[in-house]
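Engineer: Got a structure for you, query_38.pdb, holding PDB, C-alpha atoms.
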ATOM      1  CA  MET N  26      60.588  84.402 -32.256  1.00  0.00           C
ATOM      2  CA  ALA N  27      61.269  83.807 -35.968  1.00  0.00           C
ATOM      3  CA  LEU N  28      63.907  81.194 -35.179  1.00  0.00           C
ATOM      4  CA  TYR N  29      61.439  79.396 -32.916  1.00  0.00           C
ATOM      5  CA  THR N  30      58.908  79.306 -35.764  1.00  0.00           C
ATOM      6  CA  ILE N  31      61.469  77.879 -38.185  1.00  0.00           C
ATOM      7  CA  ILE N  32      62.592  75.201 -35.726  1.00  0.00           C
ATOM      8  CA  ASN N  33      59.005  74.313 -34.879  1.00  0.00           C
ATOM      9  CA  THR N  34      58.147  74.021 -38.592  1.00  0.00           C
ATOM     10  CA  LEU N  35      61.152  71.746 -39.140  1.00  0.00           C
ATOM     11  CA  LEU N  36      60.081  69.638 -36.177  1.00  0.00           C
ATOM     12  CA  THR N  37      56.590  69.295 -37.626  1.00  0.00           C
ATOM     13  CA  CYS N  38      58.012  68.290 -41.025  1.00  0.00           C
ATOM     14  CA  VAL N  39      60.255  65.641 -39.459  1.00  0.00           C
ATOM     15  CA  THR N  40      57.306  64.284 -37.468  1.00  0.00           C
ATOM     16  CA  ILE N  41      55.140  64.057 -40.586  1.00  0.00           C
ATOM     17  CA  TYR N  42      57.981  62.384 -42.509  1.00  0.00           C
ATOM     18  CA  SER N  43      58.497  59.873 -39.683  1.00  0.00           C
ATOM     19  CA  THR N  44      54.814  58.998 -39.790  1.00  0.00           C
ATOM     20  CA  LEU N  45      54.903  58.614 -43.572  1.00  0.00           C
ATOM     21  CA  LEU N  46      57.973  56.405 -43.301  1.00  0.00           C
ATOM     22  CA  PHE N  47      56.295  54.289 -40.627  1.00  0.00           C
ATOM     23  CA  VAL N  48      53.198  53.790 -42.786  1.00  0.00           C
ATOM     24  CA  THR N  49      55.355  52.892 -45.793  1.00  0.00           C
ATOM     25  CA  VAL N  50      57.292  50.318 -43.789  1.00  0.00           C
ATOM     26  CA  LEU N  51      54.067  48.804 -42.454  1.00  0.00           C
ATOM     27  CA  LEU N  52      52.630  48.574 -45.961  1.00  0.00           C
ATOM     28  CA  THR N  53      55.641  46.607 -47.171  1.00  0.00           C
ATOM     29  CA  TRP N  54      54.329  43.715 -45.074  1.00  0.00           C
ATOM     30  CA  PHE N  55      51.395  43.354 -47.498  1.00  0.00           C
ATOM     31  CA  PRO N  56      52.701  41.702 -50.679  1.00  0.00           C
ATOM     32  CA  ASN N  57      49.599  42.412 -52.772  1.00  0.00           C
ATOM     33  CA  ILE N  58      50.015  46.213 -52.702  1.00  0.00           C
ATOM     34  CA  ASP N  59      50.745  47.667 -56.137  1.00  0.00           C
ATOM     35  CA  TRP N  60      53.511  50.189 -55.464  1.00  0.00           C
ATOM     36  CA  TYR N  61      53.097  51.655 -58.965  1.00  0.00           C
ATOM     37  CA  LYS N  62      49.622  53.048 -58.247  1.00  0.00           C
ATOM     38  CA  GLN N  63      48.859  56.188 -56.286  1.00  0.00           C
ATOM     39  CA  PRO N  64      49.116  57.007 -53.377  1.00  0.00           C
ATOM     40  CA  PHE N  65      51.627  54.202 -52.821  1.00  0.00           C
ATOM     41  CA  ALA N  66      53.933  55.342 -55.634  1.00  0.00           C
ATOM     42  CA  ALA N  67      54.166  58.835 -54.135  1.00  0.00           C
ATOM     43  CA  MET N  68      54.857  57.437 -50.668  1.00  0.00           C
ATOM     44  CA  ARG N  69      57.604  55.212 -51.978  1.00  0.00           C
ATOM     45  CA  GLN N  70      59.091  58.011 -54.066  1.00  0.00           C
ATOM     46  CA  VAL N  71      59.370  60.228 -50.987  1.00  0.00           C
ATOM     47  CA  THR N  72      60.702  57.622 -48.553  1.00  0.00           C
ATOM     48  CA  GLU N  73      62.987  55.414 -50.665  1.00  0.00           C
ATOM     49  CA  PRO N  74      65.845  57.909 -51.133  1.00  0.00           C
ATOM     50  CA  PHE N  75      66.142  58.316 -47.346  1.00  0.00           C
ATOM     51  CA  LEU N  76      66.014  54.582 -46.742  1.00  0.00           C
ATOM     52  CA  ASN N  77      68.592  53.942 -49.477  1.00  0.00           C
ATOM     53  CA  LEU N  78      71.098  55.991 -47.473  1.00  0.00           C
ATOM     54  CA  PHE N  79      70.962  53.359 -44.737  1.00  0.00           C
ATOM     55  CA  ARG N  80      70.652  50.295 -46.961  1.00  0.00           C
ATOM     56  CA  GLY N  81      74.253  50.823 -47.999  1.00  0.00           C
ATOM     57  CA  LEU N  82      75.301  50.625 -44.342  1.00  0.00           C
ATOM     58  CA  ILE N  83      73.219  47.652 -43.214  1.00  0.00           C
ATOM     59  CA  PRO N  84      72.515  44.938 -45.776  1.00  0.00           C
ATOM     60  CA  PRO N  85      69.333  42.840 -45.469  1.00  0.00           C
ATOM     61  CA  VAL N  86      69.669  39.931 -43.061  1.00  0.00           C
ATOM     62  CA  GLY N  87      67.579  36.865 -43.814  1.00  0.00           C
ATOM     63  CA  GLY N  88      65.210  38.876 -45.991  1.00  0.00           C
ATOM     64  CA  LEU N  89      64.666  41.523 -43.300  1.00  0.00           C
ATOM     65  CA  ASP N  90      65.586  45.121 -44.055  1.00  0.00           C
ATOM     66  CA  LEU N  91      67.138  46.309 -40.797  1.00  0.00           C
ATOM     67  CA  SER N  92      68.204  49.628 -42.295  1.00  0.00           C
ATOM     68  CA  THR N  93      64.798  51.061 -41.429  1.00  0.00           C
ATOM     69  CA  ILE N  94      65.666  50.779 -37.742  1.00  0.00           C
ATOM     70  CA  LEU N  95      68.704  52.998 -38.252  1.00  0.00           C
ATOM     71  CA  ALA N  96      66.604  55.434 -40.287  1.00  0.00           C
ATOM     72  CA  PHE N  97      64.057  55.716 -37.460  1.00  0.00           C
ATOM     73  CA  ILE N  98      66.822  56.194 -34.885  1.00  0.00           C
ATOM     74  CA  CYS N  99      68.268  59.066 -36.914  1.00  0.00           C
ATOM     75  CA  LEU N 100      64.864  60.707 -37.325  1.00  0.00           C
ATOM     76  CA  SER N 101      64.189  60.300 -33.615  1.00  0.00           C
ATOM     77  CA  LEU N 102      67.507  61.936 -32.737  1.00  0.00           C
ATOM     78  CA  LEU N 103      66.748  64.803 -35.107  1.00  0.00           C
ATOM     79  CA  GLN N 104      63.334  65.248 -33.489  1.00  0.00           C
ATOM     80  CA  ARG N 105      64.889  65.384 -30.024  1.00  0.00           C
ATOM     81  CA  VAL N 106      67.500  67.945 -31.089  1.00  0.00           C
ATOM     82  CA  LEU N 107      64.876  70.142 -32.753  1.00  0.00           C
ATOM     83  CA  ALA N 108      62.542  69.852 -29.759  1.00  0.00           C
ATOM     84  CA  SER N 109      65.276  70.881 -27.345  1.00  0.00           C
ATOM     85  CA  MET N 110      66.211  73.791 -29.593  1.00  0.00           C
ATOM     86  CA  ALA N 111      62.578  74.878 -29.758  1.00  0.00           C
ATOM     87  CA  VAL N 112      62.331  74.846 -25.972  1.00  0.00           C
ATOM     88  CA  SER N 113      65.520  76.868 -25.572  1.00  0.00           C
ATOM     89  CA  PHE N 114      64.424  79.522 -28.095  1.00  0.00           C
ATOM     90  CA  ASN N 115      60.905  79.836 -26.730  1.00  0.00           C
TER
END
Starting from the coordinates I provided, produce the structure as structure tokens.
Structural biologist:
Amino acid sequence: MALYTIINTLLTCVTIYSTLLFVTVLLTWFPNIDWYKQPFAAMRQVTEPFLNLFRGLIPPVGGLDLSTILAFICLSLLQRVLASMAVSFN
């Protein structure tokens, strides 16, 4: 039961982080947002280190940052693994 709670908590954290990452990526489409003011600075500070992991693998193509696609794929895979683990330990 304790392992189920831990896995479920991790799954919730990954889901929240995915949502935060999605909102951050959507907000990058608006050039007039000041990323140095709150809450945008906090969002960027939390999501940029994760995105930088993938930016080294996939460089921008024509001004588009395709590394976010790989980041979302990895988070989705992690969510699926955690969800299947939660089901098996329940």
Engineer: Determine, counting only C-alpha atoms, which protein, DNA and RNA residues have an atom within 7 Å of an atom of Tyr29 (chain N); residues of the same chain fewer than 4 positions away are not included. Present the result as an NGL selection string.
Structural biologist: :N and (33 or 111 or 114-115)
Engineer: Separation of CA of Ile83 (chain N) and CA of Lys62 (chain N), in Å?
Structural biologist: 28.5 Å
Engineer: Can you list, as an mmCIF file with C-alpha atoms, in the coordinates of the input, every protein, DNA or RNA residue that comes within 12 Å of Val39 (chain N) when you count only C-alpha atoms, leaving out same-chain residues fewer than 3 positions away?
Structural biologist:
data_model
loop_
_atom_site.group_PDB
_atom_site.id
_atom_site.type_symbol
_atom_site.label_atom_id
_atom_site.label_comp_id
_atom_site.auth_asym_id
_atom_site.auth_seq_id
_atom_site.Cartn_x
_atom_site.Cartn_y
_atom_site.Cartn_z
ATOM 1 C CA ILE N 32 62.592 75.201 -35.726
ATOM 2 C CA ASN N 33 59.005 74.313 -34.879
ATOM 3 C CA THR N 34 58.147 74.021 -38.592
ATOM 4 C CA LEU N 35 61.152 71.746 -39.140
ATOM 5 C CA LEU N 36 60.081 69.638 -36.177
ATOM 6 C CA TYR N 42 57.981 62.384 -42.509
ATOM 7 C CA SER N 43 58.497 59.873 -39.683
ATOM 8 C CA THR N 44 54.814 58.998 -39.790
ATOM 9 C CA LEU N 45 54.903 58.614 -43.572
ATOM 10 C CA LEU N 46 57.973 56.405 -43.301
ATOM 11 C CA PHE N 97 64.057 55.716 -37.460
ATOM 12 C CA CYS N 99 68.268 59.066 -36.914
ATOM 13 C CA LEU N 100 64.864 60.707 -37.325
ATOM 14 C CA SER N 101 64.189 60.300 -33.615
ATOM 15 C CA LEU N 102 67.507 61.936 -32.737
ATOM 16 C CA LEU N 103 66.748 64.803 -35.107
ATOM 17 C CA GLN N 104 63.334 65.248 -33.489
ATOM 18 C CA ARG N 105 64.889 65.384 -30.024
ATOM 19 C CA VAL N 106 67.500 67.945 -31.089
ATOM 20 C CA LEU N 107 64.876 70.142 -32.753
ATOM 21 C CA ALA N 108 62.542 69.852 -29.759
#
Engineer: Rounded to one decimal, what separation in Å do you get between CA of Arg80 (chain N) and CA of Thr93 (chain N)?
Structural biologist: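 Going from CA of Arg80 (chain N) over to CA of Thr93 (chain N), I get 8.1 Å.
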Engineer: Starting from 4 Å padding per side, set up an axis-aligned box that covers all listed atoms of region 93-107 of chain N and hand over centre and edge lengths in Å, one decimal, as lines of an AutoDock Vina configuration file.
Structural biologist:
center_x = 66.0
center_y = 60.5
center_z = -35.7
size_x = 13.4
size_y = 27.4
size_z = 19.4
Engineer: Would you kindly translate the PyMOL selection byres ((chain N and resi 70-76) around 8) into the concrete residues it picks from this file, as a VMD selection string?
Structural biologist: chain N and resid 45 to 46 49 66 to 69 77 to 80 92 to 93 96
Engineer: Of the residues N:Ile31, N:Cys38, N:Ile94, N:Val86, which is the one nearest to Met110 (chain N), using all atoms listed in the file?
Structural biologist: N:Ile31
Engineer: What's the separation between CA of Gly87 (chain N) and CA of Leu52 (chain N), in Å to one decimal place?
Structural biologist: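 So the two atoms, CA of Gly87 (chain N) and CA of Leu52 (chain N), lie 19.1 Å apart.
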Engineer: Ranking N:Ser109, N:Leu82, N:Thr30, N:Phe65 by minimum distance to Val50 (chain N) and counting only C-alpha atoms, which one comes first?
Structural biologist: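 Between N:Ser109, N:Leu82, N:Thr30, N:Phe65, the residue approaching Val50 (chain N) most closely is N:Phe65.
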Engineer: Kindly complete region 34-48 of chain N to N, CA, C and O atoms; the output should be written as a CSV table (one decimal), in the coordinates of the input.
Structural biologist:
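Output saved as selection04.csv:
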chain,number,residue,atom,x,y,z
N,34,THR,N,58.6,74.5,-37.3
N,34,THR,CA,58.1,74.0,-38.6
N,34,THR,C,59.0,72.8,-39.0
N,34,THR,O,58.4,71.8,-39.5
N,35,LEU,N,60.3,72.9,-38.8
N,35,LEU,CA,61.2,71.7,-39.1
N,35,LEU,C,60.8,70.5,-38.3
N,35,LEU,O,60.7,69.4,-38.8
N,36,LEU,N,60.5,70.7,-37.0
N,36,LEU,CA,60.1,69.6,-36.2
N,36,LEU,C,58.8,69.0,-36.7
N,36,LEU,O,58.7,67.8,-36.7
N,37,THR,N,57.8,69.8,-37.1
N,37,THR,CA,56.6,69.3,-37.6
N,37,THR,C,56.8,68.5,-38.9
N,37,THR,O,56.2,67.4,-39.1
N,38,CYS,N,57.7,69.0,-39.8
N,38,CYS,CA,58.0,68.3,-41.0
N,38,CYS,C,58.7,66.9,-40.7
N,38,CYS,O,58.3,65.9,-41.4
N,39,VAL,N,59.6,66.9,-39.8
N,39,VAL,CA,60.3,65.6,-39.5
N,39,VAL,C,59.3,64.7,-38.9
N,39,VAL,O,59.3,63.5,-39.1
N,40,THR,N,58.3,65.2,-38.1
N,40,THR,CA,57.3,64.3,-37.5
N,40,THR,C,56.4,63.7,-38.5
N,40,THR,O,56.1,62.5,-38.5
N,41,ILE,N,56.0,64.5,-39.5
N,41,ILE,CA,55.1,64.1,-40.6
N,41,ILE,C,55.9,63.0,-41.4
N,41,ILE,O,55.4,62.0,-41.8
N,42,TYR,N,57.2,63.3,-41.7
N,42,TYR,CA,58.0,62.4,-42.5
N,42,TYR,C,58.2,61.1,-41.8
N,42,TYR,O,58.1,60.0,-42.4
N,43,SER,N,58.4,61.1,-40.5
N,43,SER,CA,58.5,59.9,-39.7
N,43,SER,C,57.2,59.0,-39.8
N,43,SER,O,57.3,57.8,-39.9
N,44,THR,N,56.1,59.7,-39.7
N,44,THR,CA,54.8,59.0,-39.8
N,44,THR,C,54.6,58.4,-41.2
N,44,THR,O,54.2,57.2,-41.3
N,45,LEU,N,55.0,59.1,-42.2
N,45,LEU,CA,54.9,58.6,-43.6
N,45,LEU,C,55.8,57.4,-43.8
N,45,LEU,O,55.5,56.4,-44.4
N,46,LEU,N,57.0,57.5,-43.2
N,46,LEU,CA,58.0,56.4,-43.3
N,46,LEU,C,57.5,55.2,-42.6
N,46,LEU,O,57.5,54.1,-43.0
N,47,PHE,N,56.9,55.4,-41.4
N,47,PHE,CA,56.3,54.3,-40.6
N,47,PHE,C,55.2,53.6,-41.4
N,47,PHE,O,55.1,52.4,-41.5
N,48,VAL,N,54.3,54.4,-42.0
N,48,VAL,CA,53.2,53.8,-42.8
N,48,VAL,C,53.7,53.0,-44.0
N,48,VAL,O,53.3,51.9,-44.3
